[in-house]
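Let me begin by presenting the structure, written as structure tokens, before commenting on it.
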Amino acid sequence: MSSYGGIDLGGTKIQTVIVDDEHNVLGSARRPTPTTGGPADVACEMAAALCEAAKAAELAVTALAGIGVGSPGTIEAGNVSSARNLPGWEGTFPLAAALETALGVGGMPILVGNDVQVATDAEFKLGSGRPYGTLLGVFWGTGVGAGLILDGKPWTGRGGAGEVGHMVIEIDGARCTCGRRGCVEAYAGRAAMETHARELHEQKGHKTDLFKLMKDHDRTRLTSGIWARALRDEDKLATHIIDRAVGALGAGIASAVNLLDVESVIVGGGLGIRLGDPYAKRISEAMRPHLFADNRPPDVQVAALGDLGGAIGASLLVETGVARTAAAS
Ligand SMILES: [Zn+2]
């Protein structure tokens, strides 16, 4: 029986898992992503988090059959370029090679893929996407990312497909984190939502407990948990901003469905997972008025693998990579 390592590198946290041949999670660990330093510091934390997961699984990292990594940014042969939201990562960094050195696993297959696409693949193979041949995975968190499966295969275009977060839903609309205007992410990304909440609270005097909750829970950002808590308390400003986000997601996802006619939409990401089924239902309802073929809307469901989906998906990358190497030799 072989075991594989999976690492999900996010802007907020590094999630690692050790899985067996049948995708059972044998151990997992989570560490905050460094907010200072550079790619080498991030790679060190990733290695430490994988060691922790291996320890929890009572395995040595050197005993793994391979390691997969899901990373933001542009990925080519284990190198990662311009990874947004990560400290000092404007240039190109040889992530696979750095992990190989840090873990002392020379020669072990280490494969790096796009974070959102590996999470979509995991839902397709093991999670909510299993019954479908075509699906759109939407990851609602700090930003809004998406991955596509068309005819049973991942579709990445020329490397830039699936940017549902940057579909324009309002010409000359709100400023997006990407620098453009009117994108879905400008209304629904957690980073943009926090900026908007701060403006309305500090400059326009709207009342909210969001920032008090943030301090009370010792957070430096409005996390998904803080948003969920404020919604539960019926905080007016939080409710208004989340409603606006749901409307933006509905319009953006419906537009993607009008183009691709996928059977299913899987909603994941920090906010998607935390807010769960009631919000998947609300997003589905917000899509309705924008769907052209409105007699058969796609199923909208929450990602079944939850917070571990990205790391499990990364481990799948190794499995298929290993299989490919074996077939070629
Ligand atoms: Zn944008």
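In the structure tokens, the first chain shown is A, the next is B, and so on; residue numbers restart at 1 for each chain, and ligands run from 1 in the order shown.
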
With 6 Å as the cut-off and only C-alpha atoms and all ligand atoms counted, what is the closest atom pair between each nearby residue of chain A and ligand 1? Distances in Å to one decimal, ordered by chain and number, as CSV.
residue,atom,partner,partner_atom_place_in_ligand_line,distance
A:His166,CA,ligand 1,1 (Zn),4.1
A:Cys176,CA,ligand 1,1 (Zn),4.6
A:Thr177,CA,ligand 1,1 (Zn),5.9
A:Cys178,CA,ligand 1,1 (Zn),4.4
A:Arg180,CA,ligand 1,1 (Zn),5.3
A:Cys183,CA,ligand 1,1 (Zn),4.7
A:Glu185,CA,ligand 1,1 (Zn),5.9

Those same residues - N, CA and C atoms - I'd like them written as a tab-separated table (two decimals), in the first residue's frame.
chain	number	residue	atom	x	y	z
A	166	HIS	N	-13.48	36.99	-12.12
A	166	HIS	CA	-13.19	38.20	-12.88
A	166	HIS	C	-14.09	38.35	-14.10
A	176	CYS	N	-11.87	46.09	-8.48
A	176	CYS	CA	-11.53	44.72	-8.10
A	176	CYS	C	-10.09	44.66	-7.58
A	177	THR	N	-9.78	43.61	-6.82
A	177	THR	CA	-8.42	43.39	-6.33
A	177	THR	C	-7.44	43.20	-7.50
A	178	CYS	N	-7.95	42.85	-8.68
A	178	CYS	CA	-7.09	42.66	-9.86
A	178	CYS	C	-6.78	43.99	-10.54
A	180	ARG	N	-9.03	45.84	-12.13
A	180	ARG	CA	-10.07	46.17	-13.11
A	180	ARG	C	-11.35	46.54	-12.35
A	183	CYS	N	-15.78	43.30	-11.56
A	183	CYS	CA	-15.67	41.83	-11.51
A	183	CYS	C	-16.50	41.27	-10.36
A	185	GLU	N	-15.48	39.25	-8.14
A	185	GLU	CA	-14.65	39.29	-6.93
A	185	GLU	C	-14.68	40.65	-6.23

Run DSSP on the backbone and give me the residues of segment 118-321 of chain A it puts in alpha helix (DSSP H), as a PDB file with N, CA and C atoms, in the first residue's frame.
ATOM      1  N   VAL A 118      -6.938  21.682  -8.798  1.00  0.00           N
ATOM      2  CA  VAL A 118      -6.804  20.409  -8.071  1.00  0.00           C
ATOM      3  C   VAL A 118      -7.988  20.201  -7.116  1.00  0.00           C
ATOM      4  N   ALA A 119      -8.493  21.291  -6.534  1.00  0.00           N
ATOM      5  CA  ALA A 119      -9.650  21.164  -5.641  1.00  0.00           C
ATOM      6  C   ALA A 119     -10.894  20.762  -6.441  1.00  0.00           C
ATOM      7  N   THR A 120     -11.024  21.299  -7.658  1.00  0.00           N
ATOM      8  CA  THR A 120     -12.149  20.929  -8.531  1.00  0.00           C
ATOM      9  C   THR A 120     -12.037  19.452  -8.931  1.00  0.00           C
ATOM     10  N   ASP A 121     -10.833  19.014  -9.289  1.00  0.00           N
ATOM     11  CA  ASP A 121     -10.606  17.611  -9.656  1.00  0.00           C
ATOM     12  C   ASP A 121     -10.981  16.677  -8.505  1.00  0.00           C
ATOM     13  N   ALA A 122     -10.622  17.093  -7.275  1.00  0.00           N
ATOM     14  CA  ALA A 122     -10.930  16.268  -6.094  1.00  0.00           C
ATOM     15  C   ALA A 122     -12.441  16.125  -5.908  1.00  0.00           C
ATOM     16  N   GLU A 123     -13.179  17.221  -6.084  1.00  0.00           N
ATOM     17  CA  GLU A 123     -14.639  17.147  -5.954  1.00  0.00           C
ATOM     18  C   GLU A 123     -15.234  16.279  -7.063  1.00  0.00           C
ATOM     19  N   PHE A 124     -14.648  16.367  -8.261  1.00  0.00           N
ATOM     20  CA  PHE A 124     -15.127  15.576  -9.402  1.00  0.00           C
ATOM     21  C   PHE A 124     -14.902  14.076  -9.154  1.00  0.00           C
ATOM     22  N   LYS A 125     -13.718  13.721  -8.654  1.00  0.00           N
ATOM     23  CA  LYS A 125     -13.389  12.301  -8.490  1.00  0.00           C
ATOM     24  C   LYS A 125     -13.920  11.702  -7.191  1.00  0.00           C
ATOM     25  N   LEU A 126     -13.941  12.509  -6.121  1.00  0.00           N
ATOM     26  CA  LEU A 126     -14.234  11.932  -4.804  1.00  0.00           C
ATOM     27  C   LEU A 126     -15.381  12.609  -4.056  1.00  0.00           C
ATOM     28  N   GLU A 185     -15.481  39.253  -8.144  1.00  0.00           N
ATOM     29  CA  GLU A 185     -14.648  39.289  -6.930  1.00  0.00           C
ATOM     30  C   GLU A 185     -14.683  40.649  -6.228  1.00  0.00           C
ATOM     31  N   ALA A 186     -14.947  41.711  -6.966  1.00  0.00           N
ATOM     32  CA  ALA A 186     -15.008  43.052  -6.376  1.00  0.00           C
ATOM     33  C   ALA A 186     -16.186  43.179  -5.412  1.00  0.00           C
ATOM     34  N   TYR A 187     -17.171  42.277  -5.535  1.00  0.00           N
ATOM     35  CA  TYR A 187     -18.345  42.283  -4.667  1.00  0.00           C
ATOM     36  C   TYR A 187     -18.358  41.088  -3.714  1.00  0.00           C
ATOM     37  N   ALA A 188     -17.790  39.954  -4.188  1.00  0.00           N
ATOM     38  CA  ALA A 188     -17.949  38.706  -3.429  1.00  0.00           C
ATOM     39  C   ALA A 188     -16.675  38.190  -2.785  1.00  0.00           C
ATOM     40  N   ARG A 190     -13.710  37.899  -0.196  1.00  0.00           N
ATOM     41  CA  ARG A 190     -13.669  38.284   1.217  1.00  0.00           C
ATOM     42  C   ARG A 190     -12.803  39.523   1.430  1.00  0.00           C
ATOM     43  N   ALA A 191     -11.720  39.654   0.661  1.00  0.00           N
ATOM     44  CA  ALA A 191     -10.842  40.825   0.794  1.00  0.00           C
ATOM     45  C   ALA A 191     -11.596  42.098   0.401  1.00  0.00           C
ATOM     46  N   ALA A 192     -12.314  42.054  -0.719  1.00  0.00           N
ATOM     47  CA  ALA A 192     -13.082  43.221  -1.177  1.00  0.00           C
ATOM     48  C   ALA A 192     -14.232  43.518  -0.221  1.00  0.00           C
ATOM     49  N   MET A 193     -14.847  42.464   0.318  1.00  0.00           N
ATOM     50  CA  MET A 193     -15.955  42.645   1.260  1.00  0.00           C
ATOM     51  C   MET A 193     -15.476  43.352   2.527  1.00  0.00           C
ATOM     52  N   GLU A 194     -14.254  42.981   2.972  1.00  0.00           N
ATOM     53  CA  GLU A 194     -13.697  43.622   4.171  1.00  0.00           C
ATOM     54  C   GLU A 194     -13.424  45.106   3.923  1.00  0.00           C
ATOM     55  N   THR A 195     -12.849  45.421   2.760  1.00  0.00           N
ATOM     56  CA  THR A 195     -12.573  46.816   2.406  1.00  0.00           C
ATOM     57  C   THR A 195     -13.880  47.618   2.385  1.00  0.00           C
ATOM     58  N   HIS A 196     -14.911  47.033   1.781  1.00  0.00           N
ATOM     59  CA  HIS A 196     -16.210  47.697   1.671  1.00  0.00           C
ATOM     60  C   HIS A 196     -16.828  47.919   3.058  1.00  0.00           C
ATOM     61  N   ALA A 197     -16.735  46.900   3.915  1.00  0.00           N
ATOM     62  CA  ALA A 197     -17.284  47.007   5.272  1.00  0.00           C
ATOM     63  C   ALA A 197     -16.581  48.129   6.040  1.00  0.00           C
ATOM     64  N   ARG A 198     -15.258  48.203   5.877  1.00  0.00           N
ATOM     65  CA  ARG A 198     -14.466  49.218   6.569  1.00  0.00           C
ATOM     66  C   ARG A 198     -14.871  50.630   6.116  1.00  0.00           C
ATOM     67  N   LEU A 210     -18.806  43.704  13.185  1.00  0.00           N
ATOM     68  CA  LEU A 210     -17.800  42.893  12.486  1.00  0.00           C
ATOM     69  C   LEU A 210     -16.389  43.085  13.053  1.00  0.00           C
ATOM     70  N   PHE A 211     -15.994  44.355  13.241  1.00  0.00           N
ATOM     71  CA  PHE A 211     -14.606  44.615  13.642  1.00  0.00           C
ATOM     72  C   PHE A 211     -14.385  44.354  15.134  1.00  0.00           C
ATOM     73  N   LYS A 212     -15.460  44.481  15.901  1.00  0.00           N
ATOM     74  CA  LYS A 212     -15.384  44.127  17.323  1.00  0.00           C
ATOM     75  C   LYS A 212     -15.208  42.596  17.449  1.00  0.00           C
ATOM     76  N   LEU A 213     -15.999  41.853  16.663  1.00  0.00           N
ATOM     77  CA  LEU A 213     -15.888  40.387  16.661  1.00  0.00           C
ATOM     78  C   LEU A 213     -14.478  39.954  16.262  1.00  0.00           C
ATOM     79  N   MET A 214     -13.920  40.667  15.272  1.00  0.00           N
ATOM     80  CA  MET A 214     -12.575  40.360  14.784  1.00  0.00           C
ATOM     81  C   MET A 214     -11.556  40.495  15.927  1.00  0.00           C
ATOM     82  N   LYS A 215     -11.661  41.609  16.669  1.00  0.00           N
ATOM     83  CA  LYS A 215     -10.734  41.845  17.795  1.00  0.00           C
ATOM     84  C   LYS A 215     -10.957  40.836  18.907  1.00  0.00           C
ATOM     85  N   ASP A 216     -12.239  40.613  19.260  1.00  0.00           N
ATOM     86  CA  ASP A 216     -12.564  39.668  20.338  1.00  0.00           C
ATOM     87  C   ASP A 216     -12.017  38.270  20.058  1.00  0.00           C
ATOM     88  N   SER A 224     -13.853  33.902   7.519  1.00  0.00           N
ATOM     89  CA  SER A 224     -15.172  33.319   7.215  1.00  0.00           C
ATOM     90  C   SER A 224     -15.957  33.098   8.494  1.00  0.00           C
ATOM     91  N   GLY A 225     -15.256  32.692   9.565  1.00  0.00           N
ATOM     92  CA  GLY A 225     -15.914  32.458  10.852  1.00  0.00           C
ATOM     93  C   GLY A 225     -16.527  33.737  11.420  1.00  0.00           C
ATOM     94  N   ILE A 226     -15.816  34.854  11.257  1.00  0.00           N
ATOM     95  CA  ILE A 226     -16.325  36.144  11.747  1.00  0.00           C
ATOM     96  C   ILE A 226     -17.580  36.547  10.963  1.00  0.00           C
ATOM     97  N   TRP A 227     -17.535  36.391   9.654  1.00  0.00           N
ATOM     98  CA  TRP A 227     -18.709  36.710   8.823  1.00  0.00           C
ATOM     99  C   TRP A 227     -19.896  35.846   9.249  1.00  0.00           C
ATOM    100  N   ALA A 228     -19.645  34.536   9.437  1.00  0.00           N
ATOM    101  CA  ALA A 228     -20.733  33.616   9.806  1.00  0.00           C
ATOM    102  C   ALA A 228     -21.353  34.033  11.138  1.00  0.00           C
ATOM    103  N   ARG A 229     -20.497  34.420  12.096  1.00  0.00           N
ATOM    104  CA  ARG A 229     -20.977  34.822  13.415  1.00  0.00           C
ATOM    105  C   ARG A 229     -21.841  36.093  13.317  1.00  0.00           C
ATOM    106  N   ALA A 230     -21.348  37.073  12.545  1.00  0.00           N
ATOM    107  CA  ALA A 230     -22.089  38.336  12.391  1.00  0.00           C
ATOM    108  C   ALA A 230     -23.446  38.093  11.725  1.00  0.00           C
ATOM    109  N   LEU A 231     -23.483  37.167  10.770  1.00  0.00           N
ATOM    110  CA  LEU A 231     -24.753  36.842  10.104  1.00  0.00           C
ATOM    111  C   LEU A 231     -25.726  36.205  11.088  1.00  0.00           C
ATOM    112  N   ARG A 232     -25.182  35.331  11.934  1.00  0.00           N
ATOM    113  CA  ARG A 232     -26.026  34.655  12.931  1.00  0.00           C
ATOM    114  C   ARG A 232     -26.625  35.682  13.900  1.00  0.00           C
ATOM    115  N   LYS A 236     -26.601  44.050  10.633  1.00  0.00           N
ATOM    116  CA  LYS A 236     -27.210  44.647   9.438  1.00  0.00           C
ATOM    117  C   LYS A 236     -26.216  44.841   8.295  1.00  0.00           C
ATOM    118  N   LEU A 237     -25.053  45.390   8.631  1.00  0.00           N
ATOM    119  CA  LEU A 237     -24.060  45.670   7.590  1.00  0.00           C
ATOM    120  C   LEU A 237     -23.516  44.366   6.986  1.00  0.00           C
ATOM    121  N   ALA A 238     -23.228  43.399   7.860  1.00  0.00           N
ATOM    122  CA  ALA A 238     -22.721  42.100   7.386  1.00  0.00           C
ATOM    123  C   ALA A 238     -23.749  41.450   6.457  1.00  0.00           C
ATOM    124  N   THR A 239     -25.025  41.507   6.848  1.00  0.00           N
ATOM    125  CA  THR A 239     -26.089  40.914   6.033  1.00  0.00           C
ATOM    126  C   THR A 239     -26.161  41.604   4.669  1.00  0.00           C
ATOM    127  N   HIS A 240     -26.077  42.933   4.675  1.00  0.00           N
ATOM    128  CA  HIS A 240     -26.134  43.691   3.428  1.00  0.00           C
ATOM    129  C   HIS A 240     -24.983  43.306   2.497  1.00  0.00           C
ATOM    130  N   ILE A 241     -23.768  43.204   3.045  1.00  0.00           N
ATOM    131  CA  ILE A 241     -22.588  42.914   2.206  1.00  0.00           C
ATOM    132  C   ILE A 241     -22.629  41.474   1.687  1.00  0.00           C
ATOM    133  N   ILE A 242     -23.086  40.548   2.522  1.00  0.00           N
ATOM    134  CA  ILE A 242     -23.190  39.146   2.078  1.00  0.00           C
ATOM    135  C   ILE A 242     -24.287  39.008   1.012  1.00  0.00           C
ATOM    136  N   ASP A 243     -25.403  39.708   1.192  1.00  0.00           N
ATOM    137  CA  ASP A 243     -26.479  39.661   0.185  1.00  0.00           C
ATOM    138  C   ASP A 243     -25.963  40.149  -1.170  1.00  0.00           C
ATOM    139  N   ARG A 244     -25.169  41.207  -1.111  1.00  0.00           N
ATOM    140  CA  ARG A 244     -24.582  41.780  -2.332  1.00  0.00           C
ATOM    141  C   ARG A 244     -23.637  40.755  -2.977  1.00  0.00           C
ATOM    142  N   ALA A 245     -22.861  40.041  -2.140  1.00  0.00           N
ATOM    143  CA  ALA A 245     -21.938  39.019  -2.637  1.00  0.00           C
ATOM    144  C   ALA A 245     -22.704  37.865  -3.291  1.00  0.00           C
ATOM    145  N   VAL A 246     -23.783  37.431  -2.644  1.00  0.00           N
ATOM    146  CA  VAL A 246     -24.588  36.331  -3.193  1.00  0.00           C
ATOM    147  C   VAL A 246     -25.164  36.745  -4.555  1.00  0.00           C
ATOM    148  N   GLY A 247     -25.632  37.996  -4.656  1.00  0.00           N
ATOM    149  CA  GLY A 247     -26.164  38.492  -5.926  1.00  0.00           C
ATOM    150  C   GLY A 247     -25.102  38.497  -7.014  1.00  0.00           C
ATOM    151  N   ALA A 248     -23.885  38.913  -6.653  1.00  0.00           N
ATOM    152  CA  ALA A 248     -22.780  38.952  -7.619  1.00  0.00           C
ATOM    153  C   ALA A 248     -22.399  37.543  -8.074  1.00  0.00           C
ATOM    154  N   LEU A 249     -22.332  36.611  -7.107  1.00  0.00           N
ATOM    155  CA  LEU A 249     -22.006  35.219  -7.454  1.00  0.00           C
ATOM    156  C   LEU A 249     -23.085  34.637  -8.355  1.00  0.00           C
ATOM    157  N   GLY A 250     -24.342  34.922  -8.037  1.00  0.00           N
ATOM    158  CA  GLY A 250     -25.447  34.413  -8.847  1.00  0.00           C
ATOM    159  C   GLY A 250     -25.336  34.874 -10.289  1.00  0.00           C
ATOM    160  N   ALA A 251     -25.082  36.170 -10.472  1.00  0.00           N
ATOM    161  CA  ALA A 251     -24.987  36.720 -11.833  1.00  0.00           C
ATOM    162  C   ALA A 251     -23.773  36.153 -12.577  1.00  0.00           C
ATOM    163  N   GLY A 252     -22.622  36.080 -11.892  1.00  0.00           N
ATOM    164  CA  GLY A 252     -21.392  35.592 -12.530  1.00  0.00           C
ATOM    165  C   GLY A 252     -21.481  34.113 -12.888  1.00  0.00           C
ATOM    166  N   ILE A 253     -21.967  33.303 -11.938  1.00  0.00           N
ATOM    167  CA  ILE A 253     -22.046  31.858 -12.181  1.00  0.00           C
ATOM    168  C   ILE A 253     -23.085  31.572 -13.273  1.00  0.00           C
ATOM    169  N   ALA A 254     -24.220  32.273 -13.224  1.00  0.00           N
ATOM    170  CA  ALA A 254     -25.252  32.070 -14.255  1.00  0.00           C
ATOM    171  C   ALA A 254     -24.689  32.397 -15.641  1.00  0.00           C
ATOM    172  N   SER A 255     -23.878  33.449 -15.737  1.00  0.00           N
ATOM    173  CA  SER A 255     -23.283  33.808 -17.032  1.00  0.00           C
ATOM    174  C   SER A 255     -22.361  32.702 -17.518  1.00  0.00           C
ATOM    175  N   ALA A 256     -21.583  32.114 -16.604  1.00  0.00           N
ATOM    176  CA  ALA A 256     -20.701  30.995 -16.971  1.00  0.00           C
ATOM    177  C   ALA A 256     -21.537  29.807 -17.426  1.00  0.00           C
ATOM    178  N   VAL A 257     -22.662  29.559 -16.737  1.00  0.00           N
ATOM    179  CA  VAL A 257     -23.545  28.445 -17.106  1.00  0.00           C
ATOM    180  C   VAL A 257     -24.178  28.704 -18.476  1.00  0.00           C
ATOM    181  N   ASN A 258     -24.538  29.959 -18.770  1.00  0.00           N
ATOM    182  CA  ASN A 258     -25.100  30.286 -20.087  1.00  0.00           C
ATOM    183  C   ASN A 258     -24.112  29.951 -21.205  1.00  0.00           C
ATOM    184  N   LEU A 259     -22.822  30.088 -20.930  1.00  0.00           N
ATOM    185  CA  LEU A 259     -21.799  29.769 -21.934  1.00  0.00           C
ATOM    186  C   LEU A 259     -21.549  28.267 -22.035  1.00  0.00           C
ATOM    187  N   LEU A 260     -21.455  27.573 -20.891  1.00  0.00           N
ATOM    188  CA  LEU A 260     -20.955  26.193 -20.878  1.00  0.00           C
ATOM    189  C   LEU A 260     -22.016  25.125 -20.620  1.00  0.00           C
ATOM    190  N   GLY A 269     -14.434  26.716  -0.979  1.00  0.00           N
ATOM    191  CA  GLY A 269     -13.735  27.892  -0.458  1.00  0.00           C
ATOM    192  C   GLY A 269     -14.131  28.160   0.982  1.00  0.00           C
ATOM    193  N   GLY A 270     -13.373  29.016   1.663  1.00  0.00           N
ATOM    194  CA  GLY A 270     -13.591  29.288   3.089  1.00  0.00           C
ATOM    195  C   GLY A 270     -15.013  29.713   3.408  1.00  0.00           C
ATOM    196  N   LEU A 271     -15.540  30.696   2.663  1.00  0.00           N
ATOM    197  CA  LEU A 271     -16.900  31.171   2.926  1.00  0.00           C
ATOM    198  C   LEU A 271     -17.942  30.157   2.466  1.00  0.00           C
ATOM    199  N   GLY A 272     -17.700  29.555   1.302  1.00  0.00           N
ATOM    200  CA  GLY A 272     -18.632  28.572   0.748  1.00  0.00           C
ATOM    201  C   GLY A 272     -18.842  27.410   1.706  1.00  0.00           C
ATOM    202  N   ILE A 273     -17.734  26.910   2.284  1.00  0.00           N
ATOM    203  CA  ILE A 273     -17.813  25.771   3.207  1.00  0.00           C
ATOM    204  C   ILE A 273     -18.463  26.212   4.515  1.00  0.00           C
ATOM    205  N   ARG A 274     -18.026  27.359   5.035  1.00  0.00           N
ATOM    206  CA  ARG A 274     -18.503  27.822   6.334  1.00  0.00           C
ATOM    207  C   ARG A 274     -20.006  28.140   6.308  1.00  0.00           C
ATOM    208  N   LEU A 275     -20.463  28.784   5.222  1.00  0.00           N
ATOM    209  CA  LEU A 275     -21.884  29.175   5.164  1.00  0.00           C
ATOM    210  C   LEU A 275     -22.772  28.015   4.719  1.00  0.00           C
ATOM    211  N   GLY A 276     -22.183  27.051   4.000  1.00  0.00           N
ATOM    212  CA  GLY A 276     -22.840  25.762   3.744  1.00  0.00           C
ATOM    213  C   GLY A 276     -24.094  25.757   2.887  1.00  0.00           C
ATOM    214  N   ASP A 277     -24.900  24.702   3.081  1.00  0.00           N
ATOM    215  CA  ASP A 277     -26.081  24.427   2.245  1.00  0.00           C
ATOM    216  C   ASP A 277     -27.054  25.596   2.069  1.00  0.00           C
ATOM    217  N   PRO A 278     -27.422  26.314   3.165  1.00  0.00           N
ATOM    218  CA  PRO A 278     -28.403  27.387   2.954  1.00  0.00           C
ATOM    219  C   PRO A 278     -27.904  28.418   1.937  1.00  0.00           C
ATOM    220  N   TYR A 279     -26.593  28.646   1.903  1.00  0.00           N
ATOM    221  CA  TYR A 279     -26.056  29.640   0.976  1.00  0.00           C
ATOM    222  C   TYR A 279     -25.860  29.082  -0.427  1.00  0.00           C
ATOM    223  N   ALA A 280     -25.612  27.779  -0.552  1.00  0.00           N
ATOM    224  CA  ALA A 280     -25.577  27.169  -1.886  1.00  0.00           C
ATOM    225  C   ALA A 280     -26.965  27.336  -2.506  1.00  0.00           C
ATOM    226  N   LYS A 281     -27.991  27.157  -1.683  1.00  0.00           N
ATOM    227  CA  LYS A 281     -29.367  27.304  -2.140  1.00  0.00           C
ATOM    228  C   LYS A 281     -29.642  28.763  -2.541  1.00  0.00           C
ATOM    229  N   ARG A 282     -29.135  29.696  -1.738  1.00  0.00           N
ATOM    230  CA  ARG A 282     -29.345  31.113  -2.048  1.00  0.00           C
ATOM    231  C   ARG A 282     -28.634  31.508  -3.339  1.00  0.00           C
ATOM    232  N   ILE A 283     -27.420  30.969  -3.550  1.00  0.00           N
ATOM    233  CA  ILE A 283     -26.680  31.269  -4.789  1.00  0.00           C
ATOM    234  C   ILE A 283     -27.467  30.715  -5.981  1.00  0.00           C
ATOM    235  N   SER A 284     -28.003  29.492  -5.814  1.00  0.00           N
ATOM    236  CA  SER A 284     -28.810  28.874  -6.868  1.00  0.00           C
ATOM    237  C   SER A 284     -30.004  29.765  -7.220  1.00  0.00           C
ATOM    238  N   GLU A 285     -30.653  30.309  -6.190  1.00  0.00           N
ATOM    239  CA  GLU A 285     -31.809  31.192  -6.426  1.00  0.00           C
ATOM    240  C   GLU A 285     -31.392  32.501  -7.088  1.00  0.00           C
ATOM    241  N   ALA A 286     -30.209  33.015  -6.686  1.00  0.00           N
ATOM    242  CA  ALA A 286     -29.713  34.266  -7.277  1.00  0.00           C
ATOM    243  C   ALA A 286     -29.312  34.079  -8.736  1.00  0.00           C
ATOM    244  N   MET A 287     -29.020  32.824  -9.140  1.00  0.00           N
ATOM    245  CA  MET A 287     -28.664  32.537 -10.535  1.00  0.00           C
ATOM    246  C   MET A 287     -29.887  32.577 -11.445  1.00  0.00           C
ATOM    247  N   GLY A 309     -10.289  19.528   0.832  1.00  0.00           N
ATOM    248  CA  GLY A 309     -10.409  19.239  -0.601  1.00  0.00           C
ATOM    249  C   GLY A 309      -9.184  19.624  -1.408  1.00  0.00           C
ATOM    250  N   GLY A 310      -8.641  20.807  -1.139  1.00  0.00           N
ATOM    251  CA  GLY A 310      -7.476  21.271  -1.896  1.00  0.00           C
ATOM    252  C   GLY A 310      -6.266  20.372  -1.696  1.00  0.00           C
ATOM    253  N   ALA A 311      -6.031  19.961  -0.448  1.00  0.00           N
ATOM    254  CA  ALA A 311      -4.863  19.122  -0.138  1.00  0.00           C
ATOM    255  C   ALA A 311      -5.058  17.701  -0.686  1.00  0.00           C
ATOM    256  N   ILE A 312      -6.284  17.175  -0.575  1.00  0.00           N
ATOM    257  CA  ILE A 312      -6.571  15.843  -1.128  1.00  0.00           C
ATOM    258  C   ILE A 312      -6.413  15.886  -2.653  1.00  0.00           C
ATOM    259  N   GLY A 313      -6.921  16.960  -3.262  1.00  0.00           N
ATOM    260  CA  GLY A 313      -6.777  17.132  -4.713  1.00  0.00           C
ATOM    261  C   GLY A 313      -5.316  17.189  -5.134  1.00  0.00           C
ATOM    262  N   ALA A 314      -4.497  17.848  -4.323  1.00  0.00           N
ATOM    263  CA  ALA A 314      -3.065  17.932  -4.626  1.00  0.00           C
ATOM    264  C   ALA A 314      -2.438  16.536  -4.609  1.00  0.00           C
ATOM    265  N   SER A 315      -2.873  15.696  -3.649  1.00  0.00           N
ATOM    266  CA  SER A 315      -2.311  14.344  -3.580  1.00  0.00           C
ATOM    267  C   SER A 315      -2.710  13.518  -4.806  1.00  0.00           C
ATOM    268  N   LEU A 316      -3.905  13.772  -5.345  1.00  0.00           N
ATOM    269  CA  LEU A 316      -4.356  13.063  -6.561  1.00  0.00           C
ATOM    270  C   LEU A 316      -3.432  13.358  -7.735  1.00  0.00           C
ATOM    271  N   LEU A 317      -2.932  14.608  -7.749  1.00  0.00           N
ATOM    272  CA  LEU A 317      -2.026  15.057  -8.803  1.00  0.00           C
ATOM    273  C   LEU A 317      -0.819  14.128  -8.887  1.00  0.00           C
ATOM    274  N   VAL A 318      -0.319  13.718  -7.720  1.00  0.00           N
ATOM    275  CA  VAL A 318       0.845  12.831  -7.668  1.00  0.00           C
ATOM    276  C   VAL A 318       0.487  11.477  -8.229  1.00  0.00           C
ATOM    277  N   GLU A 319      -0.666  10.973  -7.782  1.00  0.00           N
ATOM    278  CA  GLU A 319      -1.094   9.651  -8.207  1.00  0.00           C
ATOM    279  C   GLU A 319      -1.148   9.564  -9.728  1.00  0.00           C
ATOM    280  N   THR A 320      -1.791  10.562 -10.350  1.00  0.00           N
ATOM    281  CA  THR A 320      -1.903  10.521 -11.809  1.00  0.00           C
ATOM    282  C   THR A 320      -0.545  10.788 -12.449  1.00  0.00           C
ATOM    283  N   GLY A 321       0.266  11.626 -11.808  1.00  0.00           N
ATOM    284  CA  GLY A 321       1.614  11.897 -12.315  1.00  0.00           C
ATOM    285  C   GLY A 321       2.485  10.660 -12.263  1.00  0.00           C
TER     286      GLY A 321
END

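When only C-alpha atoms are used to measure the gap to Ile75 of chain A, the shortest distance among A:Phe139, A:Arg158, A:Cys44, A:Thr134 belongs to A:Arg158.
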
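Ranking A:Ile110, A:Ala102, A:Ala56, A:Val116 by their shortest atom-to-atom distance to Ser71 of chain A, with only C-alpha atoms included, puts A:Val116 first.
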
Quiz prompt | Picked from segment 140-193 of chain A by DSSP as strand (DSSP E), as a PyMOL selection string | solution = chain A and resi 140+144-150+153-154

Mind dumping the selected residues with C-alpha atoms as a short mmCIF file (atom, residue, chain, number, x, y, z; two decimals), in the first residue's frame?
data_model
loop_
_atom_site.label_atom_id
_atom_site.label_comp_id
_atom_site.auth_asym_id
_atom_site.auth_seq_id
_atom_site.Cartn_x
_atom_site.Cartn_y
_atom_site.Cartn_z
CA TRP A 140 -15.60 31.52 -2.49
CA VAL A 144 -13.34 33.95 -6.03
CA GLY A 145 -11.64 31.15 -8.00
CA ALA A 146 -13.13 28.48 -10.22
CA GLY A 147 -12.19 25.25 -11.97
CA LEU A 148 -13.85 23.41 -14.84
CA ILE A 149 -14.46 19.79 -15.78
CA LEU A 150 -15.82 19.40 -19.31
CA LYS A 153 -11.69 16.20 -18.20
CA PRO A 154 -10.19 19.31 -16.58
#

Exercise. Pick out the residues sitting within 9 Å of Leu50 of chain A, and hand them over as number ranges by chain; count only C-alpha atoms, and ignore anything fewer than 2 positions along from it in its own chain.
Key: A: 5-7, 15-18, 28-30, 45-48, 52-55, 61, 103

Quiz item: Counting only C-alpha atoms, what is within 9 Å of Ala63 of chain A, bar same-chain residues fewer than 4 positions away, as a ChimeraX atom specification?
Solution: /A:2-4,59

Quiz item: Residues at most 12 Å from segment 79-88 of chain A, counting only C-alpha atoms, excluding those fewer than 4 positions away in the same chain, as a VMD selection string?
Solution: chain A and resid 9 to 14 32 to 43 69 to 75 92 to 99 110 to 115 142 to 143 177 to 178 191
